>>> print(open('structure11.pdb').read())   # PDB, C-alpha atoms
MODEL        1
ATOM      1  CA  THR A   1     104.632 158.862 180.924
ATOM      2  CA  LYS A   2     102.026 159.391 183.631
ATOM      3  CA  GLU A   3     101.461 155.626 183.823
ATOM      4  CA  LEU A   4     105.127 154.907 184.578
ATOM      5  CA  PRO A   5     106.060 153.820 188.088
ATOM      6  CA  ALA A   6     107.325 156.599 190.391
ATOM      7  CA  TYR A   7     105.630 159.291 188.262
ATOM      8  CA  GLU A   8     103.965 160.868 191.293
ATOM      9  CA  TRP A   9     107.363 161.187 192.943
ATOM     10  CA  ILE A  10     108.833 162.697 189.756
ATOM     11  CA  GLU A  11     106.052 165.303 189.723
ATOM     12  CA  SER A  12     107.157 166.399 193.192
ATOM     13  CA  ILE A  13     110.753 166.999 192.055
ATOM     14  CA  LYS A  14     111.437 170.542 190.877
ATOM     15  CA  GLY A  15     113.467 170.553 187.676
ATOM     16  CA  VAL A  16     112.293 167.200 186.262
ATOM     17  CA  GLY A  17     109.222 167.018 184.065
ATOM     18  CA  ALA A  18     107.232 164.375 182.267
ATOM     19  CA  LEU A  19     109.255 164.689 179.041
ATOM     20  CA  SER A  20     112.646 164.361 180.704
ATOM     21  CA  TYR A  21     111.360 161.470 182.799
ATOM     22  CA  GLY A  22     109.951 159.717 179.744
ATOM     23  CA  GLY A  23     113.254 160.247 177.939
ATOM     24  CA  LEU A  24     115.206 158.862 180.882
ATOM     25  CA  ILE A  25     113.098 155.720 180.951
ATOM     26  CA  GLY A  26     113.373 155.505 177.159
ATOM     27  CA  GLU A  27     117.162 155.491 177.516
ATOM     28  CA  ALA A  28     117.326 153.214 180.573
ATOM     29  CA  GLY A  29     114.356 150.914 180.050
ATOM     30  CA  ASN A  30     112.502 149.140 182.832
ATOM     31  CA  LEU A  31     114.298 150.001 186.078
ATOM     32  CA  THR A  32     113.166 146.721 187.613
ATOM     33  CA  ASN A  33     115.702 145.016 185.334
ATOM     34  CA  TYR A  34     118.565 146.670 187.242
ATOM     35  CA  PRO A  35     119.343 144.583 190.341
ATOM     36  CA  GLY A  36     121.308 147.435 191.882
ATOM     37  CA  VAL A  37     121.588 151.143 191.307
ATOM     38  CA  SER A  38     125.204 150.778 190.145
ATOM     39  CA  HIS A  39     123.910 148.965 187.053
ATOM     40  CA  LEU A  40     121.669 151.958 186.303
ATOM     41  CA  TRP A  41     124.592 154.325 186.845
ATOM     42  CA  LYS A  42     126.604 152.408 184.250
ATOM     43  CA  ARG A  43     123.725 152.463 181.779
ATOM     44  CA  MET A  44     123.400 156.232 182.167
ATOM     45  CA  GLY A  45     127.161 156.918 181.957
ATOM     46  CA  VAL A  46     127.998 157.909 185.536
ATOM     47  CA  ALA A  47     129.641 154.728 186.829
ATOM     48  CA  VAL A  48     133.183 154.336 188.055
ATOM     49  CA  ILE A  49     135.178 151.890 185.938
ATOM     50  CA  GLY A  50     138.332 150.745 187.696
ATOM     51  CA  ASP A  51     139.255 153.906 189.545
ATOM     52  CA  LYS A  52     138.168 156.412 186.893
ATOM     53  CA  ARG A  53     134.897 157.923 185.753
ATOM     54  CA  GLN A  54     133.024 156.199 182.945
ATOM     55  CA  ARG A  55     133.726 157.889 179.608
ATOM     56  CA  LYS A  56     134.063 157.436 175.882
ATOM     57  CA  VAL A  57     137.336 155.692 175.046
ATOM     58  CA  SER A  58     138.979 154.845 171.728
ATOM     59  CA  ASP A  59     140.417 151.446 172.675
ATOM     60  CA  LYS A  60     137.917 148.856 171.420
ATOM     61  CA  ASP A  61     138.220 146.450 174.358
ATOM     62  CA  GLU A  62     138.123 149.228 176.931
ATOM     63  CA  ALA A  63     135.120 150.792 175.176
ATOM     64  CA  ILE A  64     133.170 147.566 175.698
ATOM     65  CA  VAL A  65     134.012 147.639 179.409
ATOM     66  CA  HIS A  66     132.944 151.280 179.700
ATOM     67  CA  GLY A  67     129.714 150.812 177.731
ATOM     68  CA  TYR A  68     129.436 154.579 177.413
ATOM     69  CA  SER A  69     126.700 156.234 175.391
ATOM     70  CA  PRO A  70     126.999 160.007 174.868
ATOM     71  CA  SER A  71     123.259 160.360 174.237
ATOM     72  CA  ARG A  72     122.326 158.648 177.505
ATOM     73  CA  ARG A  73     124.874 160.689 179.456
ATOM     74  CA  SER A  74     123.637 163.871 177.777
ATOM     75  CA  HIS A  75     120.079 163.136 178.808
ATOM     76  CA  LEU A  76     121.086 162.685 182.444
ATOM     77  CA  TRP A  77     123.284 165.802 182.242
ATOM     78  CA  ASN A  78     120.255 167.858 181.217
ATOM     79  CA  ILE A  79     118.154 166.395 184.032
ATOM     80  CA  GLY A  80     120.980 167.299 186.411
ATOM     81  CA  ASN A  81     120.842 170.907 185.212
ATOM     82  CA  GLY A  82     117.165 171.023 186.129
ATOM     83  CA  LEU A  83     117.799 169.443 189.526
ATOM     84  CA  ILE A  84     120.453 171.936 190.590
ATOM     85  CA  GLY A  85     118.900 174.977 188.940
ATOM     86  CA  GLY A  86     121.354 175.341 186.066
ATOM     87  CA  MET A  87     125.063 174.643 185.944
ATOM     88  CA  GLY A  88     126.825 177.644 187.446
ATOM     89  CA  HIS A  89     123.629 179.690 187.467
ATOM     90  CA  GLY A  90     121.877 177.981 190.331
ATOM     91  CA  PRO A  91     121.602 179.054 193.931
ATOM     92  CA  ARG A  92     124.636 180.399 195.716
ATOM     93  CA  PRO A  93     124.807 180.656 199.471
ATOM     94  CA  LEU A  94     126.234 183.474 201.503
ATOM     95  CA  VAL A  95     129.720 182.675 202.759
ATOM     96  CA  GLY A  96     129.385 180.144 205.576
ATOM     97  CA  GLU A  97     125.571 180.134 205.422
ATOM     98  CA  ASP A  98     123.632 177.206 206.891
ATOM     99  CA  ILE A  99     121.960 176.020 203.682
ATOM    100  CA  SER A 100     119.590 173.697 205.527
ATOM    101  CA  LEU A 101     117.599 176.813 206.470
ATOM    102  CA  ARG A 102     116.942 177.748 202.834
ATOM    103  CA  SER A 103     113.305 176.649 202.473
ATOM    104  CA  GLU A 104     113.099 177.852 198.855
ATOM    105  CA  TRP A 105     115.856 175.470 197.760
ATOM    106  CA  THR A 106     115.143 171.864 196.859
ATOM    107  CA  GLU A 107     116.940 168.978 198.543
ATOM    108  CA  TYR A 108     118.955 168.423 195.369
ATOM    109  CA  GLN A 109     120.037 172.082 195.267
ATOM    110  CA  LYS A 110     121.148 171.855 198.897
ATOM    111  CA  MET A 111     122.937 168.609 198.103
ATOM    112  CA  PHE A 112     124.726 170.313 195.192
ATOM    113  CA  VAL A 113     125.974 173.215 197.305
ATOM    114  CA  ALA A 114     127.003 170.889 200.153
ATOM    115  CA  ARG A 115     128.935 168.724 197.684
ATOM    116  CA  CYS A 116     130.638 171.761 196.100
ATOM    117  CA  ARG A 117     131.769 172.773 199.582
ATOM    118  CA  TYR A 118     132.932 169.216 200.255
ATOM    119  CA  GLU A 119     134.972 169.119 197.031
ATOM    120  CA  CYS A 120     136.677 172.432 197.916
ATOM    121  CA  GLU A 121     137.351 171.356 201.516
ATOM    122  CA  THR A 122     138.713 167.896 200.721
ATOM    123  CA  HIS A 123     140.744 168.935 197.665
ATOM    124  CA  PRO A 124     142.047 172.438 198.509
ATOM    125  CA  ASP A 125     145.029 171.891 196.215
ATOM    126  CA  LEU A 126     142.650 171.382 193.261
ATOM    127  CA  PHE A 127     139.607 173.514 194.103
ATOM    128  CA  THR A 128     139.659 176.857 195.836
ATOM    129  CA  LEU A 129     136.395 178.217 197.164
ATOM    130  CA  VAL A 130     136.180 181.846 196.113
ATOM    131  CA  THR A 131     133.812 184.606 197.078
ATOM    132  CA  VAL A 132     131.899 186.980 194.866
ATOM    133  CA  GLU A 133     130.221 190.190 195.903
ATOM    134  CA  LYS A 134     126.802 190.662 194.365
ATOM    135  CA  LYS A 135     124.330 193.371 195.349
ATOM    136  CA  GLY A 136     126.182 194.013 198.597
ATOM    137  CA  GLU A 137     126.252 190.336 199.633
ATOM    138  CA  VAL A 138     129.303 188.083 199.703
ATOM    139  CA  LEU A 139     128.448 184.770 198.042
ATOM    140  CA  GLU A 140     130.339 181.505 197.696
ATOM    141  CA  SER A 141     131.513 180.547 194.233
ATOM    142  CA  TYR A 142     133.040 177.238 193.197
ATOM    143  CA  PRO A 143     135.440 176.253 190.425
ATOM    144  CA  LYS A 144     133.783 174.653 187.380
ATOM    145  CA  HIS A 145     135.486 171.315 187.974
ATOM    146  CA  ALA A 146     134.189 171.168 191.560
ATOM    147  CA  GLN A 147     130.717 172.042 190.251
ATOM    148  CA  ALA A 148     130.901 169.271 187.646
ATOM    149  CA  ARG A 149     131.875 166.715 190.296
ATOM    150  CA  ALA A 150     129.097 167.906 192.602
ATOM    151  CA  LYS A 151     126.542 167.802 189.782
ATOM    152  CA  ARG A 152     127.550 164.236 188.917
ATOM    153  CA  TYR A 153     127.079 163.337 192.583
ATOM    154  CA  VAL A 154     123.569 164.840 192.568
ATOM    155  CA  GLU A 155     122.691 162.994 189.340
ATOM    156  CA  LYS A 156     123.767 159.694 190.900
ATOM    157  CA  GLU A 157     121.754 160.387 194.055
ATOM    158  CA  PHE A 158     118.712 161.227 191.908
ATOM    159  CA  LEU A 159     119.096 157.897 190.088
ATOM    160  CA  ARG A 160     119.484 156.125 193.461
ATOM    161  CA  ASP A 161     116.237 157.706 194.702
ATOM    162  CA  LEU A 162     114.399 156.975 191.446
ATOM    163  CA  HIS A 163     115.587 153.361 191.366
ATOM    164  CA  ALA A 164     114.393 152.828 194.942
ATOM    165  CA  LYS A 165     110.995 154.481 194.323
ATOM    166  CA  TRP A 166     110.467 152.525 191.085
ATOM    167  CA  ARG A 167     111.363 149.158 192.636
ATOM    168  CA  LYS A 168     109.257 149.850 195.706
ATOM    169  CA  GLU A 169     106.235 150.663 193.568
ATOM    170  CA  VAL A 170     106.630 147.818 191.074
ATOM    171  CA  LEU A 171     107.921 145.074 193.353
ATOM    172  CA  ARG A 172     106.103 146.293 196.470
ATOM    173  CA  ILE A 173     109.394 146.287 198.381
ATOM    174  CA  GLY A 174     108.987 147.673 201.878
ATOM    175  CA  ASP A 175     105.177 147.367 202.024
TER     176      ASP A 175
ENDMDL
END
>>> encode(input="structure11.pdb", output="C-alpha cells")
Amino acid sequence: TKELPAYEWIESIKGVGALSYGGLIGEAGNLTNYPGVSHLWKRMGVAVIGDKRQRKVSDKDEAIVHGYSPSRRSHLWNIGNGLIGGMGHGPRPLVGEDISLRSEWTEYQKMFVARCRYECETHPDLFTLVTVEKKGEVLESYPKHAQARAKRYVEKEFLRDLHAKWRKEVLRIGD
C-alpha cells in the first residue's frame, strides 16, 4: 500500500488508513484508467444516473446502466465514516458557529457540517435543522437523511481529491 501513488497524501488525511486505502484501490483499480472523476464515482457507487442516485435495481437492463456494486459502495461508505468522524457521532457545531475557526476539525469534517447546513437551508420542507442542548451548550443537529446526503457529498469530494493527486503523481500533471 505504501508504494501506491498518493499514499503520502492519504497518510495526511485523518480517518483514512493504509488498509482502507489499499481496499479502495483494490475495488477501483488503477485510478489512471479513469479519464474523469465521474467514472470513478460510478465505479464506487456514488454517481448520478439520469436524475437519481446510483443504486441497486432489479430491472436487468437498468442494472447494467447503474453498474452498482454493494461491496464497493460499502467500502467507500466506511471510508466516509472515518472522514467525517462517524455518522451522526461526529463533530457538532454550536448553533450558528463559524466552523472555519475550528482548528481541531479536518477539512472533510468542516465540509460535512457545511453541507448538512446547506441541505437544511435549501430543502427546509424536507430537512429541519434542530438544536440539542448538551452540557449547557446548544448544538446543531441534522436529520439523518440530510446527514446521508452530506456524507455522500464528502465521499465524492474525497474521491475527486484522490483522483487528482493520483493522476498528478503518476502522469506528472501540473509539474
>>> residues_around(input="structure11.pdb", residues="stretch 64-75 of chain A", least_positions_apart="4", cutoff="7 Å", atoms="only C-alpha atoms", output="mmCIF file with C-alpha atoms, keeping the file's coordinate frame")
data_model
loop_
_atom_site.group_PDB
_atom_site.id
_atom_site.type_symbol
_atom_site.label_atom_id
_atom_site.label_comp_id
_atom_site.auth_asym_id
_atom_site.auth_seq_id
_atom_site.Cartn_x
_atom_site.Cartn_y
_atom_site.Cartn_z
ATOM 1 C CA LEU A 24 115.206 158.862 180.882
ATOM 2 C CA GLU A 27 117.162 155.491 177.516
ATOM 3 C CA MET A 44 123.400 156.232 182.167
ATOM 4 C CA GLY A 45 127.161 156.918 181.957
ATOM 5 C CA ILE A 49 135.178 151.890 185.938
ATOM 6 C CA GLN A 54 133.024 156.199 182.945
ATOM 7 C CA ARG A 55 133.726 157.889 179.608
ATOM 8 C CA LYS A 56 134.063 157.436 175.882
ATOM 9 C CA LYS A 60 137.917 148.856 171.420
ATOM 10 C CA ILE A 79 118.154 166.395 184.032
#
>>> resolve_selection(input="structure11.pdb", expression="the PyMOL selection byres ((chain A and resi 116) around 12)", output="PDB file with C-alpha atoms, in the frame of the given file")
ATOM      1  CA  ILE A  84     120.453 171.936 190.590  1.00  0.00           C
ATOM      2  CA  MET A  87     125.063 174.643 185.944  1.00  0.00           C
ATOM      3  CA  GLY A  88     126.825 177.644 187.446  1.00  0.00           C
ATOM      4  CA  PRO A  91     121.602 179.054 193.931  1.00  0.00           C
ATOM      5  CA  ARG A  92     124.636 180.399 195.716  1.00  0.00           C
ATOM      6  CA  PRO A  93     124.807 180.656 199.471  1.00  0.00           C
ATOM      7  CA  GLN A 109     120.037 172.082 195.267  1.00  0.00           C
ATOM      8  CA  LYS A 110     121.148 171.855 198.897  1.00  0.00           C
ATOM      9  CA  MET A 111     122.937 168.609 198.103  1.00  0.00           C
ATOM     10  CA  PHE A 112     124.726 170.313 195.192  1.00  0.00           C
ATOM     11  CA  VAL A 113     125.974 173.215 197.305  1.00  0.00           C
ATOM     12  CA  ALA A 114     127.003 170.889 200.153  1.00  0.00           C
ATOM     13  CA  ARG A 115     128.935 168.724 197.684  1.00  0.00           C
ATOM     14  CA  ARG A 117     131.769 172.773 199.582  1.00  0.00           C
ATOM     15  CA  TYR A 118     132.932 169.216 200.255  1.00  0.00           C
ATOM     16  CA  GLU A 119     134.972 169.119 197.031  1.00  0.00           C
ATOM     17  CA  CYS A 120     136.677 172.432 197.916  1.00  0.00           C
ATOM     18  CA  GLU A 121     137.351 171.356 201.516  1.00  0.00           C
ATOM     19  CA  THR A 122     138.713 167.896 200.721  1.00  0.00           C
ATOM     20  CA  HIS A 123     140.744 168.935 197.665  1.00  0.00           C
ATOM     21  CA  PRO A 124     142.047 172.438 198.509  1.00  0.00           C
ATOM     22  CA  PHE A 127     139.607 173.514 194.103  1.00  0.00           C
ATOM     23  CA  THR A 128     139.659 176.857 195.836  1.00  0.00           C
ATOM     24  CA  LEU A 129     136.395 178.217 197.164  1.00  0.00           C
ATOM     25  CA  VAL A 130     136.180 181.846 196.113  1.00  0.00           C
ATOM     26  CA  GLU A 140     130.339 181.505 197.696  1.00  0.00           C
ATOM     27  CA  SER A 141     131.513 180.547 194.233  1.00  0.00           C
ATOM     28  CA  TYR A 142     133.040 177.238 193.197  1.00  0.00           C
ATOM     29  CA  PRO A 143     135.440 176.253 190.425  1.00  0.00           C
ATOM     30  CA  LYS A 144     133.783 174.653 187.380  1.00  0.00           C
ATOM     31  CA  HIS A 145     135.486 171.315 187.974  1.00  0.00           C
ATOM     32  CA  ALA A 146     134.189 171.168 191.560  1.00  0.00           C
ATOM     33  CA  GLN A 147     130.717 172.042 190.251  1.00  0.00           C
ATOM     34  CA  ALA A 148     130.901 169.271 187.646  1.00  0.00           C
ATOM     35  CA  ARG A 149     131.875 166.715 190.296  1.00  0.00           C
ATOM     36  CA  ALA A 150     129.097 167.906 192.602  1.00  0.00           C
ATOM     37  CA  LYS A 151     126.542 167.802 189.782  1.00  0.00           C
ATOM     38  CA  ARG A 152     127.550 164.236 188.917  1.00  0.00           C
ATOM     39  CA  TYR A 153     127.079 163.337 192.583  1.00  0.00           C
ATOM     40  CA  VAL A 154     123.569 164.840 192.568  1.00  0.00           C
TER      41      VAL A 154
END
>>> resolve_selection(input="structure11.pdb", expression="the PyMOL selection byres ((chain A and resi 19) around 12)", output="list in words")
Thr1, Lys2, Leu4, Tyr7, Ile10, Glu11, Gly15, Val16, Gly17, Ala18, Ser20, Tyr21, Gly22, Gly23, Leu24, Ile25, Gly26, His75, Asn78 and Ile79 of chain A
>>> closest_residue(input="structure11.pdb", among="A:Leu101, A:Val132, A:Leu159, A:Leu126", to="A:Lys42", atoms="all atoms listed in the file")
A:Leu159
>>> closest_residue(input="structure11.pdb", among="A:Arg172, A:Lys52, A:Lys156, A:Arg43", to="A:Asn30", atoms="all atoms listed in the file")
A:Arg43
>>> resolve_selection(input="structure11.pdb", expression="the PyMOL selection byres ((chain A and resi 33) around 12)", output="list in words")
Ile25, Ala28, Gly29, Asn30, Leu31, Thr32, Tyr34, Pro35, Gly36, Val37, His39, Leu40, Arg43, His163, Trp166, Arg167, Val170 and Leu171 of chain A
>>> atom_distance(input="structure11.pdb", atom1="atom CA of A:Gly50", atom2="atom CA of A:Lys165")
28.4 Å
>>> atom_distance(input="structure11.pdb", atom1="atom CA of A:Lys14", atom2="atom CA of A:Ile99")
17.5 Å
>>> axis_aligned_box(input="structure11.pdb", around="stretch 162-173 of chain A", padding_each_side="3 Å", output="AutoDock Vina command-line options")
--center_x 110.8 --center_y 151.0 --center_z 194.7 --size_x 15.5 --size_y 17.9 --size_z 13.3
